[in-house]
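Undergrad: Structure file coords17.cif (mmCIF, C-alpha atoms) right here:
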```cif
data_structure
loop_
_atom_site.label_atom_id
_atom_site.label_comp_id
_atom_site.auth_asym_id
_atom_site.auth_seq_id
_atom_site.Cartn_x
_atom_site.Cartn_y
_atom_site.Cartn_z
CA MET J 1 108.07 81.74 91.77
CA TRP J 2 110.91 84.21 91.43
CA LEU J 3 114.29 83.18 92.82
CA PHE J 4 117.04 85.36 94.21
CA PRO J 5 120.58 84.66 95.42
CA SER J 6 120.74 83.40 99.01
CA THR J 7 122.29 86.70 100.11
CA THR J 8 119.25 88.66 98.93
CA PRO J 9 116.32 89.10 101.34
CA TYR J 10 113.33 87.35 99.76
CA CYS J 11 109.75 88.61 99.81
CA GLY J 12 108.27 85.56 98.12
CA PHE J 13 104.71 86.24 99.20
CA LEU J 14 104.61 88.98 96.57
CA SER J 15 104.00 86.88 93.52
CA ALA J 16 103.84 89.62 90.86
CA PRO J 17 106.95 91.37 89.50
CA LYS J 18 105.33 94.75 90.04
CA CYS J 19 105.72 94.35 93.81
CA TYR J 20 108.65 94.70 96.15
CA ARG J 21 110.90 91.65 96.01
CA CYS J 22 114.27 92.48 97.62
CA VAL J 23 116.02 95.29 99.48
CA LYS J 24 117.70 97.09 96.58
CA GLY J 25 115.39 97.28 93.62
CA PHE J 26 112.59 95.86 95.74
CA LEU J 27 110.03 96.92 93.16
CA LYS J 28 109.53 95.93 89.54
CA PRO J 29 107.70 98.38 87.28
CA TYR J 30 103.98 97.80 86.77
CA ALA J 31 104.76 97.75 83.07
CA GLN J 32 106.11 94.23 83.40
CA THR J 33 102.88 92.66 84.61
CA SER J 34 99.48 91.91 83.14
CA ARG J 35 97.83 90.45 86.24
CA ARG J 36 95.11 92.33 88.07
CA ARG J 37 95.36 92.43 91.82
CA ARG J 38 93.86 89.59 93.79
CA THR J 39 91.81 90.10 96.90
CA SER J 40 92.84 88.39 100.12
CA GLU J 41 91.40 84.90 100.16
CA SER J 42 91.52 84.58 103.92
CA CYS J 43 89.59 87.04 106.06
CA PRO J 44 89.79 86.30 109.79
CA SER J 45 88.22 88.65 112.30
CA TYR J 46 88.86 92.38 112.12
CA GLU J 47 90.72 92.41 115.43
CA ASN J 48 92.96 89.50 114.41
CA VAL J 49 93.84 91.18 111.11
CA ARG J 50 94.48 94.43 112.92
CA ARG J 51 96.77 92.74 115.44
CA PHE J 52 98.65 90.84 112.74
CA ILE J 53 99.24 93.95 110.65
CA SER J 54 100.37 95.94 113.69
CA GLU J 55 102.90 93.23 114.55
CA ASN J 56 104.21 92.76 110.99
CA THR J 57 104.56 96.29 109.63
CA GLU J 58 106.58 99.30 110.70
CA VAL J 59 105.39 102.88 111.13
CA VAL J 60 107.28 104.90 108.52
CA VAL J 61 107.75 108.65 108.73
CA GLY J 62 109.66 110.42 105.95
CA GLY J 63 111.46 109.01 102.93
CA SER J 64 108.49 109.82 100.69
CA LEU J 65 106.91 112.84 99.01
CA THR J 66 104.62 113.25 102.03
CA PRO J 67 106.76 113.18 105.19
CA GLU J 68 103.84 114.63 107.17
CA ILE J 69 101.85 111.40 106.70
CA LYS J 70 102.69 108.35 108.82
CA LEU J 71 102.04 104.93 107.31
CA ARG J 72 102.34 101.29 108.28
CA LEU J 73 104.50 99.69 105.57
CA PHE J 74 106.84 96.79 104.95
CA THR J 75 110.48 97.60 105.66
CA PRO J 76 113.65 95.50 106.12
CA ASN J 77 112.83 95.45 109.84
CA CYS J 78 109.63 93.50 109.23
CA ARG J 79 109.44 89.75 109.61
CA PHE J 80 107.87 89.12 106.22
CA TRP J 81 110.59 90.99 104.37
CA ARG J 82 112.46 87.67 104.51
CA GLU J 83 109.91 85.14 105.72
CA ARG J 84 108.81 82.10 103.72
CA PRO J 85 105.88 83.06 101.47
CA GLU J 86 103.64 80.19 102.55
CA LEU J 87 103.47 81.67 106.06
CA TRP J 88 101.82 84.85 104.80
CA PRO J 89 98.10 84.42 105.59
CA PHE J 90 96.66 86.82 102.99
CA SER J 91 97.22 87.63 99.33
CA ASP J 92 99.71 90.11 97.91
CA PRO J 93 100.00 93.10 100.31
CA TYR J 94 99.86 95.97 97.85
CA TRP J 95 98.68 98.09 100.76
CA ALA J 96 102.10 97.70 102.40
CA ILE J 97 103.83 99.73 99.68
CA TYR J 98 103.61 103.50 99.20
CA TRP J 99 103.60 103.55 95.40
CA PRO J 100 105.07 106.58 93.59
CA GLY J 101 101.85 107.55 91.80
CA GLY J 102 100.02 107.61 95.10
CA GLN J 103 102.81 109.69 96.62
CA ALA J 104 102.50 112.32 93.89
CA LEU J 105 98.72 112.38 94.21
CA SER J 106 98.85 112.79 97.99
CA ARG J 107 101.51 115.50 97.72
CA TYR J 108 99.42 117.41 95.20
CA ILE J 109 96.35 117.29 97.43
CA LEU J 110 98.31 118.50 100.46
CA ASP J 111 99.77 121.36 98.40
CA ASN J 112 96.38 122.25 96.89
CA PRO J 113 93.78 121.65 99.64
CA ASP J 114 91.07 123.57 97.79
CA VAL J 115 90.84 120.73 95.27
CA CYS J 116 88.96 118.63 97.84
CA ARG J 117 87.94 120.95 100.68
CA ASP J 118 84.26 120.50 101.64
CA GLY J 119 83.76 118.06 98.78
CA SER J 120 83.10 114.34 98.38
CA VAL J 121 86.17 112.29 97.42
CA LEU J 122 86.67 108.73 96.17
CA ASP J 123 90.13 107.19 96.56
CA LEU J 124 89.95 104.34 94.04
CA GLY J 125 92.42 101.49 94.59
CA SER J 126 93.23 103.11 97.91
CA GLY J 127 95.85 100.65 99.18
CA CYS J 128 97.42 102.07 102.34
CA GLY J 129 94.94 104.95 102.29
CA ALA J 130 97.46 107.77 101.93
CA SER J 131 95.45 109.79 99.41
CA ALA J 132 92.27 109.35 101.44
CA ILE J 133 94.17 110.58 104.49
CA ALA J 134 95.50 113.57 102.54
CA ALA J 135 91.94 114.44 101.52
CA LYS J 136 90.81 114.17 105.14
CA LEU J 137 93.66 116.42 106.29
CA CYS J 138 92.63 118.99 103.69
CA GLY J 139 89.03 119.22 104.85
CA ALA J 140 87.09 116.95 102.49
CA ALA J 141 83.53 116.59 103.74
CA HIS J 142 83.13 112.93 102.77
CA VAL J 143 85.84 110.45 101.76
CA VAL J 144 85.42 106.90 100.49
CA ALA J 145 88.44 104.57 100.25
CA ASN J 146 87.80 101.74 97.81
CA ASP J 147 90.10 98.73 97.52
CA ILE J 148 89.12 95.19 96.56
CA ASP J 149 91.38 93.75 99.27
CA PRO J 150 89.53 93.85 102.62
CA VAL J 151 92.86 93.87 104.48
CA ALA J 152 93.55 97.28 102.91
CA ALA J 153 90.48 98.62 104.72
CA VAL J 154 91.95 97.54 108.06
CA VAL J 155 95.30 99.10 107.21
CA THR J 156 93.64 102.34 106.11
CA LYS J 157 91.91 102.62 109.48
CA LEU J 158 95.19 101.94 111.30
CA ASN J 159 96.91 104.62 109.23
CA CYS J 160 94.12 107.08 109.96
CA GLU J 161 94.68 106.52 113.66
CA LEU J 162 98.39 107.25 113.20
CA ASN J 163 97.51 110.56 111.53
CA LYS J 164 94.70 111.44 113.94
CA VAL J 165 92.00 111.70 111.29
CA GLU J 166 88.56 110.14 111.17
CA PRO J 167 88.66 107.01 108.98
CA PRO J 168 86.98 107.26 105.56
CA ASP J 169 84.17 104.96 104.55
CA CYS J 170 85.98 101.83 103.37
CA VAL J 171 84.37 99.92 100.50
CA THR J 172 85.79 96.61 99.26
CA ASP J 173 83.40 95.92 96.37
CA ASP J 174 84.80 96.17 92.85
CA ILE J 175 82.96 99.33 91.82
CA ILE J 176 84.63 99.73 88.42
CA GLY J 177 81.90 99.24 85.86
CA SER J 178 79.06 99.80 88.32
CA ASP J 179 76.66 102.71 88.12
CA PRO J 180 78.83 105.66 89.18
CA ALA J 181 78.01 107.39 92.45
CA SER J 182 78.27 111.15 92.71
CA PHE J 183 81.73 112.31 93.79
CA ASP J 184 83.22 115.75 93.39
CA LEU J 185 86.72 114.27 93.08
CA ILE J 186 88.00 110.81 92.13
CA LEU J 187 91.63 109.91 92.89
CA LEU J 188 93.58 107.09 91.23
CA GLY J 189 97.20 106.34 92.05
CA ASP J 190 99.15 103.64 90.20
CA MET J 191 96.06 102.00 88.73
CA PHE J 192 97.11 101.84 85.07
CA TYR J 193 99.29 98.74 85.19
CA ASP J 194 97.13 96.31 83.20
CA GLU J 195 95.61 96.83 79.75
CA THR J 196 92.24 95.27 80.54
CA LEU J 197 91.91 97.16 83.80
CA SER J 198 93.01 100.38 82.09
CA ASP J 199 90.29 99.98 79.45
CA SER J 200 87.67 99.40 82.16
CA LEU J 201 88.88 102.41 84.11
CA HIS J 202 88.75 104.60 81.01
CA LYS J 203 85.12 103.71 80.30
CA TRP J 204 84.01 103.97 83.92
CA LEU J 205 85.72 107.31 84.57
CA ASP J 206 84.17 108.70 81.42
CA ARG J 207 80.74 107.72 82.77
CA CYS J 208 81.49 109.32 86.14
CA ILE J 209 82.41 112.60 84.50
CA LYS J 210 79.44 112.63 82.13
CA SER J 211 76.94 111.57 84.82
CA HIS J 212 78.09 113.74 87.71
CA GLY J 213 80.77 116.11 86.47
CA SER J 214 83.36 114.47 88.71
CA LYS J 215 86.91 115.77 88.58
CA VAL J 216 89.47 112.99 88.16
CA LEU J 217 93.11 113.16 89.24
CA ILE J 218 95.52 110.39 88.28
CA GLY J 219 98.95 109.77 89.81
CA ASP J 220 101.50 107.77 87.83
CA PRO J 221 105.31 107.78 87.47
CA GLY J 222 105.18 107.03 83.73
CA ARG J 223 104.59 103.30 83.41
CA THR J 224 104.29 101.89 79.90
CA GLN J 225 100.63 100.81 80.17
CA PHE J 226 99.69 104.32 81.22
CA GLU J 227 101.83 106.23 78.74
CA GLU J 228 100.64 104.14 75.78
CA HIS J 229 96.94 104.03 76.67
CA ASP J 230 94.35 106.07 74.78
CA ILE J 231 93.34 107.82 77.99
CA ARG J 232 96.56 109.83 77.84
CA LYS J 233 95.04 111.87 75.00
CA LEU J 234 92.43 113.17 77.45
CA LEU J 235 94.80 114.11 80.26
CA HIS J 236 96.08 117.50 81.27
CA HIS J 237 99.37 117.50 83.16
CA VAL J 238 99.05 119.41 86.44
CA ALA J 239 102.12 118.52 88.53
CA GLN J 240 105.48 116.78 88.55
CA PHE J 241 107.39 115.74 91.66
CA GLU J 242 110.98 114.55 91.89
CA LEU J 243 111.08 111.31 93.85
CA PRO J 244 113.31 110.98 96.92
CA GLU J 245 116.44 108.93 96.36
CA SER J 246 115.16 105.94 98.34
CA VAL J 247 111.99 105.82 96.23
CA ARG J 248 114.04 106.03 93.04
CA GLN J 249 116.09 103.03 94.08
CA GLU J 250 113.00 101.03 94.96
CA ASN J 251 111.42 101.84 91.60
CA TYR J 252 114.31 100.88 89.33
CA GLY J 253 115.45 104.36 88.47
CA LEU J 254 112.16 106.19 88.02
CA THR J 255 113.06 109.75 88.91
CA SER J 256 109.72 111.55 89.04
CA SER J 257 106.00 111.03 89.47
CA HIS J 258 103.17 113.01 87.92
CA VAL J 259 99.59 114.09 88.48
CA TRP J 260 97.16 114.32 85.58
CA CYS J 261 93.64 115.70 85.29
CA TYR J 262 91.21 113.70 83.17
CA HIS J 263 88.77 115.47 80.85
CA SER J 264 86.04 113.36 79.26
CA LYS J 265 85.02 113.74 75.64
CA LEU J 266 81.59 115.36 75.85
#
```
The structure given in the file should be rewritten as C-alpha coordinates.
TA:
Amino acid sequence: MWLFPSTTPYCGFLSAPKCYRCVKGFLKPYAQTSRRRRTSESCPSYENVRRFISENTEVVVGGSLTPEIKLRLFTPNCRFWRERPELWPFSDPYWAIYWPGGQALSRYILDNPDVCRDGSVLDLGSGCGASAIAAKLCGAAHVVANDIDPVAAVVTKLNCELNKVEPPDCVTDDIIGSDPASFDLILLGDMFYDETLSDSLHKWLDRCIKSHGSKVLIGDPGRTQFEEHDIRKLLHHVAQFELPESVRQENYGLTSSHVWCYHSKL
(Lines of atoms letter the chains of each structure in order from A and count residues from 1; the text may use other names and numbers.)
(Lines give C-alpha, C1' and ligand atoms only; values in the text may rest on other atoms or scores of the structure.)
Protein backbone atom coordinates (compact mmCIF):
# COMPACT_ATOMS: atom_id res chain seq x y z
CA MET A 1 0.00 0.00 0.00
CA TRP A 2 1.29 3.43 -0.92
CA LEU A 3 1.42 6.03 1.84
CA PHE A 4 1.11 9.79 1.56
CA PRO A 5 1.44 12.63 4.06
CA SER A 6 -1.70 13.25 6.10
CA THR A 7 -2.28 16.53 4.25
CA THR A 8 -2.52 14.73 0.90
CA PRO A 9 -5.91 13.38 -0.20
CA TYR A 10 -5.55 9.59 -0.45
CA CYS A 11 -7.09 7.39 -3.13
CA GLY A 12 -5.96 4.12 -1.60
CA PHE A 13 -8.40 1.96 -3.53
CA LEU A 14 -6.18 2.46 -6.58
CA SER A 15 -3.51 -0.07 -5.81
CA ALA A 16 -1.29 0.37 -8.89
CA PRO A 17 1.09 3.33 -9.32
CA LYS A 18 -0.23 3.93 -12.82
CA CYS A 19 -3.51 5.23 -11.36
CA TYR A 20 -4.51 8.48 -9.75
CA ARG A 21 -3.32 8.67 -6.16
CA CYS A 22 -3.51 12.30 -4.95
CA VAL A 23 -4.67 15.72 -6.10
CA LYS A 24 -1.45 17.07 -7.60
CA GLY A 25 0.34 14.39 -9.55
CA PHE A 26 -2.63 12.10 -9.08
CA LEU A 27 -1.35 9.78 -11.77
CA LYS A 28 1.83 7.74 -12.05
CA PRO A 29 3.04 6.82 -15.54
CA TYR A 30 2.05 3.39 -16.85
CA ALA A 31 5.76 2.82 -17.37
CA GLN A 32 6.19 2.20 -13.66
CA THR A 33 3.89 -0.80 -13.47
CA SER A 34 3.93 -4.36 -14.74
CA ARG A 35 0.51 -5.46 -13.47
CA ARG A 36 -2.34 -6.09 -15.85
CA ARG A 37 -5.69 -4.66 -14.89
CA ARG A 38 -7.93 -6.70 -12.66
CA THR A 39 -11.62 -7.10 -13.24
CA SER A 40 -14.07 -6.13 -10.51
CA GLU A 41 -14.48 -9.06 -8.16
CA SER A 42 -17.86 -7.95 -6.90
CA CYS A 43 -20.72 -7.55 -9.35
CA PRO A 44 -24.03 -6.60 -7.71
CA SER A 45 -27.08 -5.85 -9.81
CA TYR A 46 -26.86 -3.49 -12.76
CA GLU A 47 -29.17 -0.95 -11.12
CA ASN A 48 -27.18 -0.98 -7.87
CA VAL A 49 -23.89 -0.45 -9.73
CA ARG A 50 -25.48 2.31 -11.78
CA ARG A 51 -26.79 4.05 -8.67
CA PHE A 52 -23.46 3.73 -6.85
CA ILE A 53 -21.49 5.14 -9.78
CA SER A 54 -23.94 8.02 -10.21
CA GLU A 55 -23.57 8.92 -6.54
CA ASN A 56 -19.76 8.61 -6.43
CA THR A 57 -18.57 10.27 -9.63
CA GLU A 58 -18.92 13.76 -11.03
CA VAL A 59 -19.98 14.78 -14.52
CA VAL A 60 -16.96 16.50 -16.05
CA VAL A 61 -17.17 18.87 -19.00
CA GLY A 62 -13.97 20.43 -20.34
CA GLY A 63 -10.41 20.19 -19.07
CA SER A 64 -9.58 17.53 -21.66
CA LEU A 65 -8.83 17.29 -25.38
CA THR A 66 -12.53 16.62 -26.01
CA PRO A 67 -14.58 19.29 -24.20
CA GLU A 68 -17.62 18.32 -26.27
CA ILE A 69 -17.81 14.93 -24.53
CA LYS A 70 -19.25 14.70 -21.00
CA LEU A 71 -17.93 11.96 -18.74
CA ARG A 72 -18.49 10.63 -15.25
CA LEU A 73 -15.07 10.69 -13.58
CA PHE A 74 -13.41 10.87 -10.18
CA THR A 75 -12.67 14.42 -9.06
CA PRO A 76 -11.71 16.02 -5.71
CA ASN A 77 -15.44 16.52 -5.12
CA CYS A 78 -16.04 12.77 -5.04
CA ARG A 79 -16.25 10.81 -1.82
CA PHE A 80 -13.74 8.17 -2.83
CA TRP A 81 -11.06 10.71 -3.66
CA ARG A 82 -10.27 10.55 0.06
CA GLU A 83 -12.25 7.60 1.38
CA ARG A 84 -10.68 4.53 2.99
CA PRO A 85 -9.83 1.97 0.29
CA GLU A 86 -11.55 -0.95 1.99
CA LEU A 87 -14.91 0.78 1.52
CA TRP A 88 -14.60 0.70 -2.26
CA PRO A 89 -16.77 -2.25 -3.38
CA PHE A 90 -15.10 -2.99 -6.73
CA SER A 91 -11.57 -3.27 -8.07
CA ASP A 92 -9.42 -0.46 -9.43
CA PRO A 93 -11.66 2.06 -11.26
CA TYR A 94 -9.63 2.65 -14.40
CA TRP A 95 -12.88 3.70 -16.03
CA ALA A 96 -13.00 6.76 -13.74
CA ILE A 97 -9.94 8.33 -15.37
CA TYR A 98 -9.80 9.92 -18.82
CA TRP A 99 -6.32 8.74 -19.81
CA PRO A 100 -4.24 10.91 -22.19
CA GLY A 101 -3.94 8.27 -24.92
CA GLY A 102 -7.69 7.88 -24.98
CA GLN A 103 -8.10 11.64 -25.12
CA ALA A 104 -5.87 11.89 -28.20
CA LEU A 105 -7.66 9.00 -29.87
CA SER A 106 -11.09 10.50 -29.23
CA ARG A 107 -9.94 13.93 -30.41
CA TYR A 108 -8.57 12.45 -33.62
CA ILE A 109 -11.82 10.64 -34.35
CA LEU A 110 -13.89 13.78 -33.76
CA ASP A 111 -11.58 15.76 -36.05
CA ASN A 112 -11.59 13.03 -38.72
CA PRO A 113 -15.10 11.51 -38.70
CA ASP A 114 -14.59 9.75 -42.03
CA VAL A 115 -12.22 7.32 -40.33
CA CYS A 116 -15.20 5.55 -38.74
CA ARG A 117 -18.34 6.82 -40.49
CA ASP A 118 -20.65 3.95 -41.53
CA GLY A 119 -18.10 1.40 -40.37
CA SER A 120 -17.79 -1.16 -37.59
CA VAL A 121 -15.57 -0.06 -34.68
CA LEU A 122 -14.03 -1.88 -31.71
CA ASP A 123 -12.93 0.22 -28.73
CA LEU A 124 -10.53 -2.18 -26.99
CA GLY A 125 -9.90 -1.50 -23.30
CA SER A 126 -12.71 1.03 -23.50
CA GLY A 127 -12.70 2.26 -19.90
CA CYS A 128 -15.04 5.23 -19.61
CA GLY A 129 -16.15 4.71 -23.22
CA ALA A 130 -14.97 8.06 -24.58
CA SER A 131 -13.57 6.70 -27.85
CA ALA A 132 -16.67 4.57 -28.41
CA ILE A 133 -18.78 7.68 -27.84
CA ALA A 134 -16.64 9.66 -30.29
CA ALA A 135 -17.16 6.94 -32.90
CA LYS A 136 -20.91 7.04 -32.28
CA LEU A 137 -20.96 10.83 -32.63
CA CYS A 138 -19.13 10.51 -35.95
CA GLY A 139 -21.63 8.12 -37.48
CA ALA A 140 -20.11 4.66 -36.99
CA ALA A 141 -22.65 2.02 -37.99
CA HIS A 142 -21.72 -0.48 -35.27
CA VAL A 143 -19.57 0.10 -32.17
CA VAL A 144 -18.38 -2.46 -29.64
CA ALA A 145 -16.83 -1.31 -26.34
CA ASN A 146 -14.69 -4.04 -24.81
CA ASP A 147 -13.35 -3.84 -21.26
CA ILE A 148 -12.66 -6.74 -18.91
CA ASP A 149 -14.17 -4.82 -15.98
CA PRO A 150 -17.98 -5.19 -16.07
CA VAL A 151 -18.36 -1.94 -14.13
CA ALA A 152 -16.84 -0.13 -17.12
CA ALA A 153 -19.79 -1.32 -19.21
CA VAL A 154 -22.20 0.34 -16.79
CA VAL A 155 -20.18 3.56 -16.82
CA THR A 156 -20.02 3.54 -20.63
CA LYS A 157 -23.81 3.36 -20.81
CA LEU A 158 -24.13 6.21 -18.30
CA ASN A 159 -21.71 8.31 -20.32
CA CYS A 160 -23.62 7.57 -23.52
CA GLU A 161 -26.76 8.89 -21.86
CA LEU A 162 -24.90 12.08 -20.93
CA ASN A 163 -23.91 12.55 -24.56
CA LYS A 164 -27.28 11.52 -26.00
CA VAL A 165 -25.93 8.66 -28.10
CA GLU A 166 -27.10 5.07 -28.35
CA PRO A 167 -24.88 2.86 -26.16
CA PRO A 168 -22.42 0.57 -27.98
CA ASP A 169 -22.49 -3.17 -27.53
CA CYS A 170 -20.52 -3.70 -24.32
CA VAL A 171 -18.42 -6.87 -24.13
CA THR A 172 -16.53 -7.82 -20.96
CA ASP A 173 -14.80 -11.00 -22.17
CA ASP A 174 -11.03 -10.85 -22.62
CA ILE A 175 -10.99 -11.03 -26.41
CA ILE A 176 -7.24 -10.56 -26.84
CA GLY A 177 -5.94 -13.80 -28.30
CA SER A 178 -9.36 -15.00 -29.45
CA ASP A 179 -10.28 -15.49 -33.08
CA PRO A 180 -10.57 -11.92 -34.36
CA ALA A 181 -13.98 -10.66 -35.40
CA SER A 182 -14.33 -8.44 -38.44
CA PHE A 183 -14.01 -4.74 -37.60
CA ASP A 184 -13.24 -1.91 -39.98
CA LEU A 185 -11.48 0.02 -37.20
CA ILE A 186 -9.91 -1.02 -33.90
CA LEU A 187 -9.12 1.66 -31.30
CA LEU A 188 -6.67 1.25 -28.41
CA GLY A 189 -5.95 4.01 -25.92
CA ASP A 190 -3.32 3.61 -23.19
CA MET A 191 -3.11 -0.17 -23.55
CA PHE A 192 0.66 -0.56 -23.84
CA TYR A 193 1.59 -0.38 -20.16
CA ASP A 194 2.70 -3.97 -19.56
CA GLU A 195 5.22 -6.00 -21.54
CA THR A 196 3.26 -9.25 -21.53
CA LEU A 197 0.03 -7.52 -22.50
CA SER A 198 1.85 -5.53 -25.17
CA ASP A 199 3.21 -8.74 -26.72
CA SER A 200 -0.28 -10.27 -26.73
CA LEU A 201 -1.75 -7.15 -28.29
CA HIS A 202 0.91 -7.11 -30.98
CA LYS A 203 0.17 -10.69 -32.04
CA TRP A 204 -3.59 -10.30 -31.87
CA LEU A 205 -3.70 -7.02 -33.80
CA ASP A 206 -1.51 -8.53 -36.47
CA ARG A 207 -4.04 -11.35 -36.85
CA CYS A 208 -6.93 -8.87 -37.04
CA ILE A 209 -5.24 -6.97 -39.85
CA LYS A 210 -4.25 -10.07 -41.80
CA SER A 211 -7.65 -11.77 -41.36
CA HIS A 212 -9.96 -8.83 -41.98
CA GLY A 213 -7.89 -5.87 -43.11
CA SER A 214 -8.83 -3.93 -39.97
CA LYS A 215 -7.38 -0.47 -39.51
CA VAL A 216 -5.81 0.02 -36.08
CA LEU A 217 -5.37 3.36 -34.31
CA ILE A 218 -3.38 3.56 -31.09
CA GLY A 219 -3.39 6.46 -28.63
CA ASP A 220 -0.45 6.85 -26.25
CA PRO A 221 1.39 9.78 -24.62
CA GLY A 222 4.80 8.12 -24.97
CA ARG A 223 5.07 5.63 -22.12
CA THR A 224 8.24 3.57 -21.91
CA GLN A 225 6.61 0.18 -22.58
CA PHE A 226 5.08 1.56 -25.75
CA GLU A 227 8.10 3.46 -27.03
CA GLU A 228 10.44 0.51 -26.51
CA HIS A 229 8.18 -2.22 -27.87
CA ASP A 230 8.77 -3.83 -31.26
CA ILE A 231 5.33 -2.74 -32.42
CA ARG A 232 6.63 0.82 -32.72
CA LYS A 233 8.52 -0.25 -35.87
CA LEU A 234 5.16 -0.89 -37.55
CA LEU A 235 3.47 2.37 -36.58
CA HIS A 236 2.87 5.44 -38.67
CA HIS A 237 2.44 8.67 -36.70
CA VAL A 238 -0.79 10.43 -37.67
CA ALA A 239 -1.45 13.08 -35.01
CA GLN A 240 -0.04 14.88 -31.99
CA PHE A 241 -2.07 16.85 -29.47
CA GLU A 242 -0.79 19.18 -26.77
CA LEU A 243 -2.37 18.21 -23.46
CA PRO A 244 -4.28 20.79 -21.40
CA GLU A 245 -2.41 22.06 -18.37
CA SER A 246 -4.56 20.13 -15.90
CA VAL A 247 -3.88 16.87 -17.76
CA ARG A 248 -0.16 17.62 -17.80
CA GLN A 249 -0.13 18.05 -14.04
CA GLU A 250 -2.05 14.83 -13.51
CA ASN A 251 0.36 12.93 -15.75
CA TYR A 252 3.64 14.02 -14.18
CA GLY A 253 4.69 16.45 -16.87
CA LEU A 254 3.69 14.61 -20.03
CA THR A 255 3.04 17.44 -22.46
CA SER A 256 1.48 15.74 -25.48
CA SER A 257 -0.35 12.63 -26.60
CA HIS A 258 -0.17 10.89 -29.96
CA VAL A 259 -2.15 8.77 -32.37
CA TRP A 260 -0.48 6.04 -34.38
CA CYS A 261 -1.68 3.84 -37.23
CA TYR A 262 -0.60 0.20 -37.14
CA HIS A 263 0.47 -1.57 -40.33
CA SER A 264 0.96 -5.33 -40.15
CA LYS A 265 3.84 -7.09 -41.84
CA LEU A 266 2.21 -8.93 -44.72
Undergrad: Evaluate the PyMOL selection byres ((chain J and resi 116-125) around 7) here and jot the selected residues down as a list in words.
TA: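 That expression, the PyMOL selection byres ((chain J and resi 116-125) around 7), corresponds here to Pro113, Asp114, Val115, Ser126, Gly127, Ser131, Ala132, Ala135, Cys138, Gly139, Ala140, Ala141, His142, Val143, Val144, Ala145, Asn146, Asp147, Phe183, Asp184, Leu185, Ile186, Leu187, Leu188 and Met191 of chain J.
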Undergrad: Using all atoms listed in the file, which of J:Asp190, J:Glu250, J:Glu58, J:Glu161 sits nearest Leu217 of chain J?
TA: J:Asp190
Undergrad: Can you spell out as a PyMOL selection string the set of residues that the PyMOL selection byres ((chain J and resi 154-156) around 10) selects in the structure I just provided?
TA: chain J and resi 46-47+49-50+53-54+57+71-73+95-96+126-130+132-133+145+147+149-153+157-162+167-170
Undergrad: Please produce a file of the residues just selected, as a CSV table (one decimal), in the coordinates of the input, where the atoms kept are C-alpha atoms.
TA:
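Result file follows (out36.csv):
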```csv
chain,number,residue,atom,x,y,z
J,46,TYR,CA,88.9,92.4,112.1
J,47,GLU,CA,90.7,92.4,115.4
J,49,VAL,CA,93.8,91.2,111.1
J,50,ARG,CA,94.5,94.4,112.9
J,53,ILE,CA,99.2,94.0,110.6
J,54,SER,CA,100.4,95.9,113.7
J,57,THR,CA,104.6,96.3,109.6
J,71,LEU,CA,102.0,104.9,107.3
J,72,ARG,CA,102.3,101.3,108.3
J,73,LEU,CA,104.5,99.7,105.6
J,95,TRP,CA,98.7,98.1,100.8
J,96,ALA,CA,102.1,97.7,102.4
J,126,SER,CA,93.2,103.1,97.9
J,127,GLY,CA,95.8,100.6,99.2
J,128,CYS,CA,97.4,102.1,102.3
J,129,GLY,CA,94.9,105.0,102.3
J,130,ALA,CA,97.5,107.8,101.9
J,132,ALA,CA,92.3,109.4,101.4
J,133,ILE,CA,94.2,110.6,104.5
J,145,ALA,CA,88.4,104.6,100.2
J,147,ASP,CA,90.1,98.7,97.5
J,149,ASP,CA,91.4,93.8,99.3
J,150,PRO,CA,89.5,93.8,102.6
J,151,VAL,CA,92.9,93.9,104.5
J,152,ALA,CA,93.6,97.3,102.9
J,153,ALA,CA,90.5,98.6,104.7
J,157,LYS,CA,91.9,102.6,109.5
J,158,LEU,CA,95.2,101.9,111.3
J,159,ASN,CA,96.9,104.6,109.2
J,160,CYS,CA,94.1,107.1,110.0
J,161,GLU,CA,94.7,106.5,113.7
J,162,LEU,CA,98.4,107.2,113.2
J,167,PRO,CA,88.7,107.0,109.0
J,168,PRO,CA,87.0,107.3,105.6
J,169,ASP,CA,84.2,105.0,104.6
J,170,CYS,CA,86.0,101.8,103.4
```
Undergrad: Expand the PyMOL selection byres ((chain J and resi 207) around 12) into the individual residues it matches in the shown file, reporting them as a list in words.
TA: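 Evaluating the PyMOL selection byres ((chain J and resi 207) around 12) on this file yields Ile176, Gly177, Ser178, Asp179, Pro180, Ala181, Ser182, Phe183, Ser200, Leu201, His202, Lys203, Trp204, Leu205, Asp206, Cys208, Ile209, Lys210, Ser211, His212, Gly213, Ser214, Lys215, Val216, His263, Ser264, Lys265 and Leu266 of chain J.
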Undergrad: May I have the residues within 10 Å of Asp199 of chain J as a PyMOL selection string, using only C-alpha atoms and disregarding those fewer than 6 positions away in the same chain?
TA: chain J and resi 192+229-231
Undergrad: Selection from above, C-alpha atoms, as a CSV table (one decimal), keeping the file's coordinate frame, can you write it?
TA:
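Result went into out33.csv, see below:
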```
chain,number,residue,atom,x,y,z
J,192,PHE,CA,97.1,101.8,85.1
J,229,HIS,CA,96.9,104.0,76.7
J,230,ASP,CA,94.4,106.1,74.8
J,231,ILE,CA,93.3,107.8,78.0
```
Undergrad: Determine, counting all atoms listed in the file, which protein, DNA and RNA residues have an atom within 10 Å of an atom of Arg107 of chain J; residues of the same chain fewer than 6 positions away are not included. Present the result as a VMD selection string.
TA: chain J and resid 64 to 69 101 130 to 131 134 239 241 259
Undergrad: What is the distance between atom CA of Val238 of chain J and atom CA of Tyr262 of chain J, in Å to one decimal?
TA: 10.2 Å
Undergrad: Give me, as a tab-separated table (two decimals) with C-alpha atoms, in the coordinates of the input, all polymer residues having an atom no more than 8 Å from Gly222 of chain J, counting only C-alpha atoms and skipping those fewer than 4 positions away in the same chain.
TA:
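Written out: result-v9.tsv:
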```tsv
chain	number	residue	atom	x	y	z
J	226	PHE	CA	99.69	104.32	81.22
J	227	GLU	CA	101.83	106.23	78.74
J	257	SER	CA	106.00	111.03	89.47
J	258	HIS	CA	103.17	113.01	87.92
```
Undergrad: Draw an axis-aligned box tight on the listed atoms of segment 153-156 of chain J, then pad every side by 3 Å and write out centre and edge lengths in Å to one decimal as JSON.
TA:
```
{"center_x": 92.9, "center_y": 99.9, "center_z": 106.4, "size_x": 10.8, "size_y": 10.8, "size_z": 9.3}
```
Undergrad: Which value, in Å to one decimal, gives the distance between atom CA of Phe74 of chain J and atom CA of Asn56 of chain J?
TA: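 It comes out at 7.7 Å.
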Undergrad: Can you tell me how far atom CA of Glu166 of chain J sits from atom CA of Val59 of chain J, in Å to one decimal?
TA: 18.3 Å
Undergrad: Ranking J:Ile218, J:Phe80, J:Lys70, J:Ser256 by minimum distance to Asp92 of chain J and counting only C-alpha atoms, which one comes first?
TA: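 Ranked by minimum distance to Asp92 of chain J, first place goes to J:Phe80.
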